[in-house]
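A.B. asks: Input file: final-v3.cif. Contents: mmCIF, C-alpha atoms.
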```
data_structure
#
loop_
_atom_site.label_atom_id
_atom_site.label_comp_id
_atom_site.auth_asym_id
_atom_site.auth_seq_id
_atom_site.Cartn_x
_atom_site.Cartn_y
_atom_site.Cartn_z
CA MET A 16 -25.24 95.45 -49.87
CA PRO A 17 -21.45 95.02 -50.32
CA SER A 18 -19.09 97.28 -48.38
CA ARG A 19 -17.29 100.26 -49.87
CA GLU A 20 -14.01 98.33 -49.77
CA GLU A 21 -15.56 95.42 -51.67
CA LEU A 22 -17.00 97.74 -54.32
CA ASP A 23 -13.59 99.40 -54.76
CA ARG A 24 -11.95 95.98 -55.10
CA ARG A 25 -14.42 94.94 -57.81
CA ASN A 26 -13.96 98.23 -59.62
CA THR A 27 -10.15 98.15 -59.77
CA ALA A 28 -8.15 96.38 -62.45
CA ASN A 29 -5.03 95.02 -60.79
CA ILE A 30 -1.63 95.56 -62.39
CA HIS A 31 1.18 93.08 -61.74
CA PRO A 32 4.80 93.08 -62.98
CA GLU A 33 3.92 91.21 -66.19
CA THR A 34 0.16 90.65 -66.13
CA ILE A 35 -3.16 92.30 -65.23
CA SER A 36 -6.17 90.82 -63.46
CA ASN A 37 -9.76 91.62 -62.49
CA ILE A 38 -10.42 93.36 -65.80
CA THR A 39 -13.82 91.84 -66.60
CA SER A 40 -16.89 93.97 -65.89
CA THR A 41 -19.07 92.49 -63.14
CA ASP A 42 -21.79 95.12 -62.74
CA PHE A 43 -24.62 93.16 -64.30
CA PRO A 44 -27.58 91.38 -62.66
CA TYR A 45 -26.82 88.42 -60.37
CA ASN A 46 -23.13 88.16 -61.20
CA TYR A 47 -22.80 87.94 -57.40
CA PRO A 48 -25.35 85.76 -55.55
CA GLY A 49 -28.21 87.78 -54.11
CA GLU A 50 -27.23 91.04 -55.86
CA ALA A 51 -29.71 92.11 -58.52
CA ALA A 52 -27.55 95.07 -59.70
CA ASP A 53 -30.30 96.20 -62.08
CA TRP A 54 -29.54 99.37 -64.03
CA ASN A 55 -31.30 102.26 -62.39
CA THR A 56 -31.65 105.78 -63.80
CA GLU A 57 -31.65 107.47 -60.41
CA HIS A 58 -28.58 105.52 -59.27
CA PHE A 59 -26.76 106.51 -62.46
CA ARG A 60 -27.74 110.17 -62.01
CA GLN A 61 -26.33 110.23 -58.49
CA ASN A 62 -23.07 108.43 -59.30
CA PHE A 63 -22.16 109.87 -62.70
CA HIS A 64 -19.84 112.88 -62.60
CA VAL A 65 -17.96 115.02 -65.11
CA ASN A 66 -14.85 116.82 -63.83
CA PHE A 67 -12.80 119.16 -66.04
CA HIS A 68 -9.04 119.24 -65.39
CA LYS A 69 -8.03 121.39 -68.37
CA HIS A 70 -10.45 123.62 -70.24
CA GLU A 71 -9.05 125.47 -73.24
CA SER A 72 -10.74 126.20 -76.55
CA ASN A 73 -8.77 123.61 -78.53
CA ASP A 74 -7.59 121.32 -75.74
CA ALA A 75 -9.68 119.78 -72.96
CA VAL A 76 -8.97 117.11 -70.36
CA PHE A 77 -11.88 115.85 -68.29
CA SER A 78 -12.99 112.81 -66.32
CA LEU A 79 -16.16 110.80 -66.85
CA ILE A 80 -16.82 108.92 -63.61
CA GLY A 81 -19.40 106.21 -63.16
CA ILE A 82 -19.95 104.90 -66.71
CA ASP A 83 -19.20 101.66 -68.51
CA ALA A 84 -16.30 101.26 -70.94
CA SER A 85 -18.74 100.64 -73.80
CA VAL A 86 -20.29 104.10 -73.37
CA ALA A 87 -16.91 105.82 -73.00
CA ASN A 88 -15.61 104.11 -76.14
CA ALA A 89 -18.78 105.01 -78.06
CA LEU A 90 -18.21 108.69 -77.24
CA ARG A 91 -14.57 108.44 -78.30
CA ARG A 92 -15.47 106.87 -81.65
CA ILE A 93 -18.19 109.47 -82.26
CA LEU A 94 -15.71 112.28 -81.58
CA LEU A 95 -13.35 110.83 -84.18
CA ALA A 96 -15.76 109.86 -86.90
CA GLU A 97 -19.36 111.04 -86.58
CA ILE A 98 -19.51 114.77 -85.83
CA PRO A 99 -20.08 116.66 -89.11
CA THR A 100 -17.73 119.43 -90.21
CA LEU A 101 -16.96 121.38 -93.38
CA ALA A 102 -14.04 120.51 -95.68
CA ILE A 103 -13.03 121.04 -99.30
CA GLU A 104 -14.25 118.12 -101.42
CA ASP A 105 -13.96 119.19 -105.08
CA VAL A 106 -11.08 121.22 -106.55
CA PHE A 107 -11.40 122.73 -110.03
CA ILE A 108 -7.98 123.82 -111.27
CA GLU A 109 -8.11 126.42 -114.04
CA GLN A 110 -4.40 127.11 -113.91
CA ASN A 111 -1.45 125.91 -111.83
CA THR A 112 2.01 126.73 -113.10
CA SER A 113 3.70 126.23 -109.73
CA ILE A 114 6.08 123.29 -109.16
CA ILE A 115 3.56 121.51 -106.92
CA GLN A 116 1.49 118.93 -108.81
CA ASP A 117 -2.24 119.45 -109.24
CA GLU A 118 -3.25 116.37 -107.24
CA VAL A 119 -0.84 117.19 -104.39
CA LEU A 120 -2.14 120.75 -104.17
CA ALA A 121 -5.73 119.49 -104.21
CA HIS A 122 -4.92 117.09 -101.37
CA ARG A 123 -3.34 119.86 -99.30
CA LEU A 124 -6.37 122.09 -99.83
CA GLY A 125 -8.71 119.30 -98.71
CA LEU A 126 -6.90 119.00 -95.38
CA VAL A 127 -7.26 122.70 -94.47
CA PRO A 128 -9.78 122.88 -91.56
CA LEU A 129 -12.53 125.47 -92.13
CA LYS A 130 -14.68 127.37 -89.65
CA GLY A 131 -17.72 129.60 -89.86
CA ASN A 132 -21.04 130.47 -88.28
CA ARG A 133 -22.02 127.39 -86.22
CA ASP A 134 -25.74 127.82 -86.91
CA GLY A 135 -24.94 128.24 -90.59
CA LEU A 136 -22.96 125.00 -90.66
CA ARG A 137 -25.94 123.22 -89.08
CA TRP A 138 -28.18 124.87 -91.70
CA LEU A 139 -26.15 123.40 -94.57
CA LYS A 140 -27.65 120.23 -96.02
CA TRP A 141 -25.81 117.00 -96.78
CA ARG A 142 -24.79 116.65 -100.41
CA ASN A 143 -25.15 113.22 -102.00
CA LYS A 144 -22.18 112.55 -104.29
CA GLY A 145 -23.92 109.71 -106.08
CA ASP A 146 -22.69 106.21 -106.84
CA GLU A 147 -21.61 105.05 -110.29
CA ASP A 148 -22.08 101.39 -109.38
CA THR A 149 -25.74 101.79 -108.41
CA GLY A 150 -26.53 104.58 -110.84
CA ASP A 151 -27.40 106.98 -108.02
CA GLN A 152 -27.11 110.52 -109.38
CA PRO A 153 -25.22 113.18 -107.38
CA ASP A 154 -27.05 116.18 -105.96
CA PRO A 155 -26.46 119.44 -107.83
CA ALA A 156 -24.32 122.02 -106.01
CA THR A 157 -26.54 124.72 -104.44
CA ASP A 158 -26.21 127.35 -101.73
CA PHE A 159 -27.91 124.86 -99.39
CA ASN A 160 -25.23 122.15 -99.64
CA THR A 161 -22.02 123.66 -101.08
CA VAL A 162 -19.63 126.42 -100.02
CA VAL A 163 -17.48 127.97 -102.76
CA LEU A 164 -13.90 129.12 -102.15
CA LYS A 165 -11.40 130.56 -104.60
CA LEU A 166 -7.64 130.89 -104.80
CA GLN A 167 -6.44 133.33 -107.47
CA ILE A 168 -2.89 134.52 -107.02
CA GLU A 169 0.23 135.23 -109.09
CA CYS A 170 3.87 135.72 -108.10
CA ALA A 171 5.86 138.67 -109.42
CA TRP A 172 9.06 140.56 -108.70
CA LYS A 173 8.87 143.20 -105.99
CA GLU A 174 9.89 146.73 -106.86
CA GLY A 175 13.67 146.73 -106.62
CA GLY A 176 13.72 142.96 -106.22
CA MET A 177 15.92 142.38 -109.25
CA ASP A 178 18.52 144.82 -107.94
CA LEU A 179 18.54 142.97 -104.62
CA ALA A 180 19.00 139.68 -106.46
CA ARG A 181 21.98 141.06 -108.39
CA ARG A 182 23.58 142.05 -105.09
CA GLY A 183 23.23 138.47 -103.86
CA GLU A 184 19.96 138.61 -101.85
CA GLN A 185 18.41 135.14 -101.64
CA ASP A 186 15.44 135.72 -99.31
CA ALA A 187 12.41 135.05 -101.51
CA VAL A 188 10.11 137.14 -99.29
CA LYS A 189 12.27 140.23 -99.97
CA LEU A 190 12.51 139.53 -103.70
CA TYR A 191 8.99 138.46 -104.76
CA GLU A 192 5.34 139.31 -104.21
CA ASN A 193 3.11 136.35 -103.23
CA THR A 194 5.99 133.89 -103.03
CA ASN A 195 4.39 131.94 -100.14
CA ILE A 196 0.76 130.89 -100.52
CA TYR A 197 -1.02 130.44 -97.20
CA ALA A 198 -4.48 129.27 -96.18
CA ARG A 199 -5.45 132.91 -95.58
CA HIS A 200 -5.32 133.46 -99.35
CA LEU A 201 -8.43 131.27 -99.74
CA LYS A 202 -11.40 133.58 -100.41
CA PHE A 203 -14.99 132.68 -99.52
CA GLU A 204 -17.47 133.36 -102.34
CA PRO A 205 -20.99 133.42 -100.80
CA VAL A 206 -23.82 132.17 -103.01
CA GLY A 207 -27.55 132.86 -102.49
CA GLN A 208 -28.56 132.91 -98.81
CA GLN A 209 -24.98 132.30 -97.72
CA ALA A 210 -24.30 136.06 -97.97
CA ASP A 211 -26.56 136.58 -94.93
CA ILE A 212 -25.94 133.34 -93.04
CA PHE A 213 -22.15 133.51 -93.38
CA SER A 214 -21.73 137.29 -93.31
CA SER A 215 -18.63 138.84 -91.78
CA SER A 216 -20.51 139.70 -88.59
CA ALA A 217 -22.17 136.26 -88.25
CA GLY A 218 -19.02 134.33 -89.09
CA ALA A 219 -17.74 133.95 -92.64
CA ILE A 220 -16.14 130.73 -93.86
CA LEU A 221 -12.43 130.99 -93.08
CA PRO A 222 -9.48 128.66 -92.52
CA VAL A 223 -9.05 127.84 -88.84
CA HIS A 224 -5.28 128.35 -89.11
CA PRO A 225 -4.52 131.10 -91.66
CA ASP A 226 -0.75 130.42 -91.71
CA ILE A 227 -0.88 126.90 -93.18
CA LEU A 228 1.60 126.92 -96.07
CA LEU A 229 0.01 125.58 -99.26
CA ALA A 230 2.59 126.28 -101.98
CA LYS A 231 5.67 128.32 -102.94
CA LEU A 232 5.74 130.39 -106.13
CA ARG A 233 8.32 132.21 -108.21
CA PRO A 234 7.82 135.03 -110.74
CA GLY A 235 5.55 133.88 -113.56
CA HIS A 236 3.87 131.18 -111.48
CA LYS A 237 0.09 131.51 -111.19
CA ILE A 238 -2.66 129.59 -109.41
CA ASP A 239 -6.35 129.91 -110.29
CA ILE A 240 -8.53 127.41 -108.44
CA THR A 241 -12.21 127.10 -107.48
CA MET A 242 -13.09 124.81 -104.56
CA HIS A 243 -16.36 123.29 -103.34
CA ALA A 244 -16.60 122.52 -99.61
CA VAL A 245 -19.31 120.22 -98.24
CA LYS A 246 -20.42 118.72 -94.94
CA GLY A 247 -19.02 115.32 -94.06
CA ILE A 248 -17.94 113.07 -91.19
CA GLY A 249 -14.64 111.49 -90.27
CA ALA A 250 -15.97 108.03 -91.13
CA ASP A 251 -15.98 109.17 -94.79
CA HIS A 252 -12.57 110.87 -94.74
CA ALA A 253 -10.16 111.99 -92.03
CA LYS A 254 -10.31 115.59 -93.30
CA PHE A 255 -13.83 115.85 -91.84
CA SER A 256 -12.75 114.72 -88.36
CA PRO A 257 -13.12 117.66 -85.92
CA VAL A 258 -10.40 116.38 -83.59
CA ALA A 259 -6.66 115.98 -83.93
CA THR A 260 -6.91 113.35 -81.22
CA ALA A 261 -9.58 112.01 -78.88
CA SER A 262 -8.48 109.38 -76.40
CA TYR A 263 -9.06 108.21 -72.86
CA ARG A 264 -7.24 106.32 -70.16
CA LEU A 265 -8.34 104.81 -66.86
CA LEU A 266 -7.52 106.55 -63.60
CA PRO A 267 -4.33 105.04 -62.10
CA VAL A 268 -4.56 103.66 -58.57
CA ILE A 269 -1.44 103.57 -56.34
CA ASP A 270 -1.91 101.97 -52.95
CA ILE A 271 1.08 102.05 -50.56
CA VAL A 272 0.25 99.16 -48.21
CA LYS A 273 3.49 99.20 -46.18
CA PRO A 274 5.71 102.18 -45.21
CA ILE A 275 8.39 103.28 -47.63
CA LEU A 276 10.89 105.40 -45.72
CA GLY A 277 14.10 107.39 -46.08
CA ALA A 278 16.26 106.68 -49.13
CA ASP A 279 13.76 104.09 -50.35
CA ALA A 280 11.09 106.81 -50.44
CA LYS A 281 13.23 108.96 -52.74
CA LYS A 282 13.98 106.00 -54.98
CA PHE A 283 10.27 105.14 -55.02
CA ALA A 284 9.40 108.66 -56.17
CA ARG A 285 11.88 108.38 -59.06
CA CYS A 286 9.92 105.37 -60.34
CA PHE A 287 7.02 107.69 -61.22
CA PRO A 288 6.57 110.87 -63.26
CA LYS A 289 7.23 114.09 -61.38
CA GLY A 290 4.41 115.07 -59.02
CA VAL A 291 2.92 111.59 -58.55
CA ILE A 292 4.72 110.77 -55.28
CA GLY A 293 5.34 113.28 -52.50
CA PHE A 294 7.08 113.21 -49.12
CA GLU A 295 5.85 113.72 -45.59
CA LYS A 296 7.42 113.39 -42.14
CA VAL A 297 6.37 110.50 -39.93
CA THR A 298 4.39 112.15 -37.13
CA ALA A 299 4.35 111.19 -33.47
CA GLU A 300 0.80 109.89 -33.92
CA ASP A 301 1.94 107.64 -36.79
CA ALA A 302 4.85 106.30 -34.73
CA GLN A 303 2.57 105.43 -31.79
CA VAL A 304 0.40 103.07 -33.82
CA GLN A 305 1.60 99.54 -33.10
CA GLY A 306 2.14 97.39 -36.18
CA SER A 307 1.84 100.32 -38.60
CA GLY A 308 5.49 100.06 -39.60
CA TYR A 309 6.10 103.66 -38.49
CA ASP A 310 6.89 102.83 -34.83
CA GLY A 311 10.38 104.01 -34.03
CA HIS A 312 10.63 106.14 -37.21
CA GLU A 313 9.25 109.47 -35.99
CA GLY A 314 10.61 112.39 -38.03
CA GLU A 315 11.77 110.26 -40.96
CA THR A 316 10.61 110.88 -44.52
CA LYS A 317 7.84 108.67 -45.89
CA ALA A 318 6.48 108.34 -49.42
CA VAL A 319 2.84 109.32 -50.02
CA VAL A 320 0.68 109.43 -53.14
CA GLN A 321 0.35 113.06 -54.20
CA ASP A 322 -1.37 112.96 -57.60
CA ALA A 323 -2.08 109.50 -59.05
CA MET A 324 -3.66 110.99 -62.18
CA ARG A 325 -0.21 111.99 -63.48
CA ASP A 326 1.03 108.41 -63.42
CA THR A 327 1.63 106.60 -66.71
CA VAL A 328 1.55 103.17 -65.00
CA SER A 329 5.01 102.18 -66.20
CA ARG A 330 5.24 99.50 -63.44
CA GLU A 331 8.80 100.64 -62.76
CA CYS A 332 8.32 100.37 -58.98
CA LEU A 333 7.37 96.69 -59.36
CA ARG A 334 10.80 95.91 -60.82
CA HIS A 335 12.65 96.68 -57.55
CA GLU A 336 12.85 94.08 -54.79
CA GLU A 337 12.83 96.65 -51.97
CA PHE A 338 9.25 97.61 -52.89
CA ALA A 339 7.91 94.05 -53.13
CA GLY A 340 4.70 93.73 -51.13
CA LYS A 341 4.71 97.43 -50.26
CA VAL A 342 2.71 98.86 -53.17
CA LYS A 343 -0.26 97.81 -55.30
CA LEU A 344 -0.98 99.30 -58.71
CA GLY A 345 -4.28 99.33 -60.54
CA ARG A 346 -6.71 101.31 -62.65
CA ARG A 347 -10.24 102.40 -61.79
CA LYS A 348 -12.56 100.69 -64.27
CA ASP A 349 -15.30 103.35 -64.26
CA HIS A 350 -13.12 106.48 -64.24
CA PHE A 351 -12.17 107.60 -67.76
CA ILE A 352 -9.78 110.52 -68.28
CA PHE A 353 -10.56 111.96 -71.73
CA SER A 354 -8.15 114.10 -73.75
CA VAL A 355 -9.80 115.93 -76.65
CA GLU A 356 -7.74 118.15 -78.96
CA SER A 357 -9.90 120.06 -81.43
CA THR A 358 -8.73 121.09 -84.89
CA GLY A 359 -10.32 124.48 -84.18
CA GLN A 360 -13.66 124.18 -85.96
CA MET A 361 -15.43 123.75 -82.60
CA ASP A 362 -14.28 124.09 -79.01
CA SER A 363 -13.23 120.85 -77.35
CA ASP A 364 -15.97 120.95 -74.71
CA GLU A 365 -18.58 121.66 -77.40
CA LEU A 366 -17.37 118.62 -79.32
CA PHE A 367 -18.01 116.48 -76.24
CA LEU A 368 -21.58 117.79 -76.01
CA GLU A 369 -22.08 117.14 -79.73
CA SER A 370 -20.90 113.55 -79.27
CA ILE A 371 -23.56 113.05 -76.57
CA LYS A 372 -26.23 114.40 -78.95
CA VAL A 373 -25.12 111.96 -81.66
CA LEU A 374 -25.17 109.05 -79.19
CA ARG A 375 -28.64 110.06 -78.03
CA ARG A 376 -29.94 110.11 -81.62
CA LYS A 377 -28.49 106.65 -82.14
CA CYS A 378 -30.27 105.37 -79.02
CA GLU A 379 -33.57 106.95 -80.09
CA LYS A 380 -33.23 105.35 -83.53
CA PHE A 381 -32.59 101.96 -81.93
CA LEU A 382 -35.65 102.33 -79.68
CA ARG A 383 -37.87 103.19 -82.64
CA ALA A 384 -36.58 100.14 -84.52
CA ALA A 385 -37.17 97.94 -81.47
CA LYS A 386 -40.76 99.23 -81.18
CA ASP A 387 -41.36 98.53 -84.87
CA VAL A 388 -40.13 94.94 -84.43
CA ARG A 389 -42.40 94.52 -81.41
CA VAL A 390 -45.43 95.84 -83.35
CA GLN A 391 -44.70 93.59 -86.33
CA GLY A 392 -44.26 90.59 -84.03
#
```
Kindly transcribe the structure held in the file into structure tokens.

C.D. replies:
Amino acid sequence: MPSREELDRRNTANIHPETISNITSTDFPYNYPGEAADWNTEHFRQNFHVNFHKHESNDAVFSLIGIDASVANALRRILLAEIPTLAIEDVFIEQNTSIIQDEVLAHRLGLVPLKGNRDGLRWLKWRNKGDEDTGDQPDPATDFNTVVLKLQIECAWKEGGMDLARRGEQDAVKLYENTNIYARHLKFEPVGQQADIFSSSAGAILPVHPDILLAKLRPGHKIDITMHAVKGIGADHAKFSPVATASYRLLPVIDIVKPILGADAKKFARCFPKGVIGFEKVTAEDAQVQGSGYDGHEGETKAVVQDAMRDTVSRECLRHEEFAGKVKLGRRKDHFIFSVESTGQMDSDELFLESIKVLRRKCEKFLRAAKDVRVQG
């Protein structure tokens, strides 16, 4: 069994001034002579950890420790493109006399994120839009697969608005009624069972952000639109993606191998983002260790790693000659720091759990296909 130091060495990608090394994964059977390294469920259960660093409804930062890059990347791609959400797909414009073109308004409406009863959204069926090339007919719109929204609004002068305008007032909000059209003006029209499933108490269909500006009107302008929202995934269109961003980075590793003291310590700290490098005094115990580099420097300031996670790995410290041979930079190959920013339809931590469910279904589907091949063979 290799030592802890050897395992850490294998699991760290080394960062040099202009290159990187030791980036290839080596945790597979017999890559090293005499080491089977077979994948083991119990070993994975003991070594896999999830640590949350920031836990807010629409913004989460957490670490996945002890997994392969292929699994981490699969979860990232699922978060972006394979978790179903609700978005406006079809826009039927009865009237639009505003200055914004019909197709531009329809596009803006499609990008408004919608929320509602989570169980109700799972209850909604997928709607097949058909394919003209193959002759596949689209599914009819029903209460099982389509949510109806309406926007019916007209701009008019406020009482006394004309008098204000004559006196030179130019603020449209003071002069006109309904001059700014926001996402909150979209009205949910329940159909069939949707009246119970998406009731006000259970969670009606509403825009996540009610203050999204859709259009500006002036007196005489009118908008009368009916919209159909359906379930979809980000792989079909970005409007269905439940995240504004989902990314990960590897945990930075900063190893100070030789003492960095005094003015050099302060310069070293400036090579990193604030909070990465801290300062400590050289103790009498440190100074008594022969060959440590601290002998004769008791009471001086030394640089220590305070929070490596904040580092952006800019390599700035490797550009200075005074730090040559004193510091090693790297990244931990099995420690992934995820940042997930939700659009508001689901909480960020819930999105992570949903991505695991999707990945599990994919694995189960693959196993069934593999069994079928084995039976046929």

A.B. asks: How close does each residue of range 266-324 of chain A get to range 347-368 of chain A, giving the shortest atom pair and distance in Å to one decimal for every residue with an atom at most 10 Å away, counting only C-alpha atoms, sorted by chain and residue number, as a Markdown table?

C.D. replies:
```
| residue | atom | partner | partner_atom | distance |
| --- | --- | --- | --- | --- |
| A:Leu266 | CA | A:Arg347 | CA | 5.3 |
| A:Pro267 | CA | A:Arg347 | CA | 6.5 |
| A:Val268 | CA | A:Arg347 | CA | 6.6 |
| A:Met324 | CA | A:Ile352 | CA | 8.7 |
```

A.B. asks: Under the rule that all atoms listed in the file are counted, which of A:Ile35, A:Leu95, A:Val223, A:Ile80 is the nearest residue to Pro257 in chain A?

C.D. replies: A:Leu95

A.B. asks: Starting from the displayed file, determine the output of the PyMOL selection byres ((chain A and resi 57-62) around 9) and express the residue list as a list in words.

C.D. replies: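 The output of the PyMOL selection byres ((chain A and resi 57-62) around 9) on this file is Trp54, Asn55, Thr56, Phe63, His64, Ile80, Gly81 and Ile82 of chain A.
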
A.B. asks: Please write as a ChimeraX atom specification the full residue list that the PyMOL selection byres ((chain A and resi 374) around 12) yields on this file.

C.D. replies: /A:85-94,97-98,367-373,375-381

A.B. asks: Out of A:Tyr197, A:Lys189, A:Ala156, A:Leu229, which residue has the shortest atom-to-atom distance to Gln116 in chain A when counting all atoms listed in the file?

C.D. replies: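 Checking each of A:Tyr197, A:Lys189, A:Ala156, A:Leu229 against Gln116 in chain A, counting all atoms listed in the file, the winner is A:Leu229.
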
A.B. asks: Go through A:His31, A:His200, A:Lys237, A:Arg346 one by one, measure the shortest atom-to-atom distance of each to Ile269 in chain A using all atoms listed in the file, and give the residue with the smallest value.

C.D. replies: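 With all atoms listed in the file as the atom set, the closest residue is A:Arg346.
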
A.B. asks: Could you work out how far CA of Gly235 in chain A lies from CA of Gly183 in chain A, giving the answer in Å with one decimal?

C.D. replies: 20.7 Å

A.B. asks: At a cut-off of 6 Å around the point (-21.7, 113.1, -110.0) (file coordinates), what residues fall inside when counting only C-alpha atoms? I'd like the answer as a list of chain:residue names.

C.D. replies: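 Checked against the point, the hits come out as A:Lys144, A:Gly145, A:Pro153.
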
A.B. asks: Which is closer to Asn29 in chain A than all the others in A:Asp83, A:Asp279, A:Asp270, A:Glu337, using only C-alpha atoms?

C.D. replies: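 Of A:Asp83, A:Asp279, A:Asp270, A:Glu337, the one nearest Asn29 in chain A, counting only C-alpha atoms, is A:Asp270.
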